[in-house]
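Asker: Take this structure, written in structure tokens, and hold onto it; I'll ask about it next.
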Amino acid sequence: MEATVATQSATETWNGGGKKPLGASYGKMMMWFFIVSDALTFSGFLAAYGLMRFKFVDSWPIADEVFTHFPFVHGHYPMYYVAFMTFILIFSSVTMVLAVDAGHQMKKGKVTLYMLLTIIGGLIFLGSQAWEWKTFIKGSYGAVQLNDGKIVQFVDESGHQVALSDFVQRTHSERVAHTRSSGIWFMKEAGSVPPYTVNEVIESFKANAAISLRTEQINEDVKKKNIVSKEEGLKLLENATLVVEGANLKVNEYGKTLFADFFFFITGFHGFHVFSGIVINIIIFINVVLGTYERRGHYEMVEKVGLYWHFVDLVWVFVFTFFYLV
Amino acid sequence: MAHAESHESHSGLIWKVFGILSIITIVEVILGIAKPESIHLNKFLGTSILNWIFIILTLAKAYGITWYFMHMKQEKASLRRAVVWTAIFLICYLAFILLVEGGHMNDVLMPYLRWNY
């Protein structure tokens, strides 16, 4: 019956008539369909991650060995930081839904406050993500890449990773970064010179009996990376070509470069959604403060931007699971 | 538009949902750090039981966010189905194809991967 009876406010309907397809206003329904298409985009990315993960299931980096840092604290703290980020985002979702709730009751002051808290939560999340990226790019231990692209890492007797700076002895070397001014053609060296040469690392590895080598290969029985014997390690290091510190789109000290590529792409795309969500939230916040929706008689715009904001939170829940937990 | 006319506050429900989402997240983090061997080192339907627990908890969280934060519960069944069924069907389809394909690529690749030099 409801669909055939003309409602009082003709402006809320599609073309001035009384019918409301699916019982939702045009804007809200289109926001829902946008969310469906965006959800499919994200699931495309995550499924592509799954494809590569299943392809390299026996040598993929183990996430809680990669993301182990917490700001201002030294040591090994897997997961805590992303858990903190998750809470920030869920909490900003709560303040958003409280703003929508206050909007239904036409309480302008409460909408203003909760919108402001939502924006602050979003900014904290973006800042946290920037720190996460910085830490990932900087790296934690350093590793060596072999000529077929595999990464080998260094561990002590207890199997914990050792940073290159903790055992590599520097010998005098004349290696300097190639600059454009010293070249005969317009080129300069990509990236910076690694702090140690491959030879320094090999010599220090030979000299230090306590250090062993760990390959990317995962032992299926214990789901840990294989540690090889000293002799095997030396044989592997004969193929070493590059000292790697940190991660970027070309090389990744934690293992597969694809892992870094997906990390930057998926969290970056999500971070961009958070960023645009904050911008839209700020615009709506200004409108709330100016009283636009008070005059309009309803706060449906807050509801619509709220849908987008919750969607960003929803995506993060899945990124959190498939990047950090599984 | 039933909820547009009801002026009572739902903040009690909102905080309750927040509590449940928080508890699920805390359980996930504890399991992710502890990784109990009994559920981590086994295989069930293609992955470990621990991973299935993570996936189910994630879907529970997604339900909480969509139904209570995005007010999907109050929408008409037609809109709800148009959005939820479409997304779930297409995502399952995509994930199934890509994951099966990934497993196959691994089977093909494995014999050619050398770990000893």
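Chains: A, B, ... in order of the structure tokens. Residues: from 1 per chain. Ligands: from 1, in order shown.
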Write out as number ranges by chain each polymer residue whose atoms come within 10 Å of Asp148 in chain A, counting only C-alpha atoms; drop sequence neighbours fewer than 4 positions from it.
Answerer: A: 239-241
Asker: May I have the residues within 7 Å of range 55-69 of chain B as a list in words, using only C-alpha atoms and disregarding those fewer than 2 positions away in the same chain?
Answerer: Val97, His310, Leu314, Val317, Phe318 and Thr321 of chain A; Val17, Leu21, Ile24, Asn51, Trp52, Ile53, His71, Met72 and Lys73 of chain B
Asker: One number please: CA of Val279 in chain A to CA of Gly122 in chain A, in Å, one decimal.
Answerer: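 Computed distance, CA of Val279 in chain A to CA of Gly122 in chain A, equals 10.0 Å.
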Asker: Between A:Ala39, A:Val305, A:Ile88, A:Leu126, which residue has the minimum interatomic distance to chain B, considering only C-alpha atoms?
Answerer: A:Ala39
Asker: Report as a VMD selection string all protein, DNA and RNA residues lying within 12 Å of Glu101 in chain B, evaluated on only C-alpha atoms, omitting residues in the same chain fewer than 6 positions from it.
Answerer: (chain A and resid 47 to 48 50 to 55) or (chain B and resid 94 to 95 107 to 108)
Asker: Counting only C-alpha atoms, collect the residues of chain B whose closest atom lies at most 6 Å from chain A, and write them out as a list in words.
Answerer: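 My answer is Ala4, His7, Gly32, Asn51, Phe69, Met70, Ser78, Leu79, Ala95, Leu98, Leu99, Gly102, Gly103, Met105 and Asn106 of chain B.
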Asker: Please identify which residues in range 73-301 of chain A DSSP calls alpha helix (DSSP H) from the backbone, and express them as number ranges by chain.
Answerer: A: 80-104, 108-138, 164-167, 198-207, 230-237, 257-290, 292-296, 300-301
Asker: Compile the contact shell of Val168 in chain A as a VMD selection string: residues with an atom at most 8 Å away, counting only C-alpha atoms, same-chain residues fewer than 2 positions apart removed.
Answerer: chain A and resid 164 to 166 170 196 200 to 201 204 to 205
Asker: Write the residues of the preceding selection, restricted to N, CA and C atoms, as a PDB file, in the first residue's frame.
Answerer:
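File result-v4.pdb, as written:
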ATOM      1  N   LEU A 164      71.111  -6.655  10.367  1.00  0.00           N
ATOM      2  CA  LEU A 164      72.432  -6.593   9.735  1.00  0.00           C
ATOM      3  C   LEU A 164      73.380  -5.741  10.566  1.00  0.00           C
ATOM      4  N   SER A 165      72.869  -4.631  11.113  1.00  0.00           N
ATOM      5  CA  SER A 165      73.743  -3.714  11.842  1.00  0.00           C
ATOM      6  C   SER A 165      74.290  -4.350  13.113  1.00  0.00           C
ATOM      7  N   ASP A 166      73.688  -5.460  13.561  1.00  0.00           N
ATOM      8  CA  ASP A 166      74.140  -6.086  14.799  1.00  0.00           C
ATOM      9  C   ASP A 166      75.309  -7.039  14.598  1.00  0.00           C
ATOM     10  N   ARG A 170      81.953  -3.475   9.179  1.00  0.00           N
ATOM     11  CA  ARG A 170      82.238  -2.681   7.984  1.00  0.00           C
ATOM     12  C   ARG A 170      83.726  -2.735   7.678  1.00  0.00           C
ATOM     13  N   TYR A 196      75.748  -1.655   3.686  1.00  0.00           N
ATOM     14  CA  TYR A 196      76.800  -2.666   3.677  1.00  0.00           C
ATOM     15  C   TYR A 196      76.903  -3.244   2.280  1.00  0.00           C
ATOM     16  N   GLU A 200      80.835  -7.637   2.607  1.00  0.00           N
ATOM     17  CA  GLU A 200      80.915  -7.408   4.057  1.00  0.00           C
ATOM     18  C   GLU A 200      79.968  -8.341   4.791  1.00  0.00           C
ATOM     19  N   VAL A 201      78.747  -8.492   4.238  1.00  0.00           N
ATOM     20  CA  VAL A 201      77.766  -9.362   4.884  1.00  0.00           C
ATOM     21  C   VAL A 201      78.252 -10.808   4.875  1.00  0.00           C
ATOM     22  N   SER A 204      81.175 -11.311   7.373  1.00  0.00           N
ATOM     23  CA  SER A 204      80.703 -11.294   8.764  1.00  0.00           C
ATOM     24  C   SER A 204      79.917 -12.557   9.080  1.00  0.00           C
ATOM     25  N   PHE A 205      79.196 -13.053   8.092  1.00  0.00           N
ATOM     26  CA  PHE A 205      78.437 -14.292   8.295  1.00  0.00           C
ATOM     27  C   PHE A 205      79.394 -15.460   8.543  1.00  0.00           C
TER      28      PHE A 205
END
Asker: Could you tell me how far CA of Phe45 in chain A sits from CA of Asn281 in chain A, in Å to one decimal place?
Answerer: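 Value for the CA of Asn281 in chain A-CA of Phe45 in chain A distance: 25.7 Å.
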Asker: Might you pull out every residue within 8 Å of His40 in chain B, with only C-alpha atoms counted and same-chain residues fewer than 3 positions away left off, and present them as a PyMOL selection string?
Answerer: chain B and resi 35-37+48-51
Asker: Just to confirm, what's the straight-line distance from CA of Val274 in chain A to CA of Phe125 in chain A in Å (one decimal)?
Answerer: 8.3 Å
Asker: Just checking: using only C-alpha atoms, which residue out of A:Glu253, A:Val243, A:Lys206, A:Leu116 ends up closest to Glu231 in chain A?
Answerer: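 Residue with the minimum atom-to-atom distance to Glu231 in chain A: A:Lys206.
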Asker: If DSSP is run on the backbone, what residues of range 159-315 of chain A are strand (DSSP E)? A reply as a PyMOL selection string would be ideal.
Answerer: chain A and resi 212-219+224-228+240-244
Asker: Go ahead and dump the residues you just picked, N, CA and C atoms, as a CSV table (one decimal), in the first residue's frame.
Answerer:
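And here's result_32.csv as it stands now:
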chain,number,residue,atom,x,y,z
A,212,SER,N,72.8,-17.9,11.7
A,212,SER,CA,72.4,-18.8,10.6
A,212,SER,C,71.5,-18.1,9.6
A,213,LEU,N,71.2,-18.8,8.5
A,213,LEU,CA,70.5,-18.2,7.4
A,213,LEU,C,69.1,-18.8,7.4
A,214,ARG,N,68.1,-18.0,7.1
A,214,ARG,CA,66.8,-18.4,7.0
A,214,ARG,C,66.3,-18.2,5.6
A,215,THR,N,65.7,-19.2,4.9
A,215,THR,CA,65.1,-18.9,3.6
A,215,THR,C,63.7,-18.6,3.7
A,216,GLU,N,63.1,-18.3,2.5
A,216,GLU,CA,61.7,-17.9,2.4
A,216,GLU,C,60.8,-19.2,2.6
A,217,GLN,N,61.4,-20.3,2.4
A,217,GLN,CA,60.6,-21.6,2.3
A,217,GLN,C,59.9,-21.8,3.7
A,218,ILE,N,58.6,-22.1,3.7
A,218,ILE,CA,57.9,-22.4,4.9
A,218,ILE,C,57.9,-23.9,5.2
A,219,ASN,N,58.2,-24.3,6.4
A,219,ASN,CA,58.1,-25.7,6.8
A,219,ASN,C,56.6,-25.9,7.1
A,224,LYS,N,56.7,-22.4,10.0
A,224,LYS,CA,57.8,-21.5,10.2
A,224,LYS,C,58.7,-21.5,9.0
A,225,LYS,N,59.5,-20.5,8.8
A,225,LYS,CA,60.5,-20.4,7.7
A,225,LYS,C,61.6,-21.4,8.1
A,226,ASN,N,62.1,-22.0,7.0
A,226,ASN,CA,63.2,-23.0,7.2
A,226,ASN,C,64.5,-22.3,7.5
A,227,ILE,N,65.3,-22.8,8.5
A,227,ILE,CA,66.6,-22.3,8.8
A,227,ILE,C,67.6,-23.4,8.3
A,228,VAL,N,68.6,-22.9,7.5
A,228,VAL,CA,69.5,-23.9,6.9
A,228,VAL,C,70.8,-23.9,7.6
A,240,ALA,N,74.4,-14.3,-3.8
A,240,ALA,CA,73.9,-13.0,-3.3
A,240,ALA,C,74.2,-11.9,-4.2
A,241,THR,N,73.2,-11.0,-4.5
A,241,THR,CA,73.5,-9.9,-5.4
A,241,THR,C,73.2,-8.6,-4.7
A,242,LEU,N,72.4,-8.5,-3.7
A,242,LEU,CA,72.0,-7.2,-3.2
A,242,LEU,C,71.7,-7.3,-1.7
A,243,VAL,N,72.1,-6.2,-1.0
A,243,VAL,CA,71.7,-6.1,0.4
A,243,VAL,C,70.5,-5.2,0.5
A,244,VAL,N,69.4,-5.8,1.1
A,244,VAL,CA,68.1,-5.1,1.1
A,244,VAL,C,67.8,-4.6,2.5
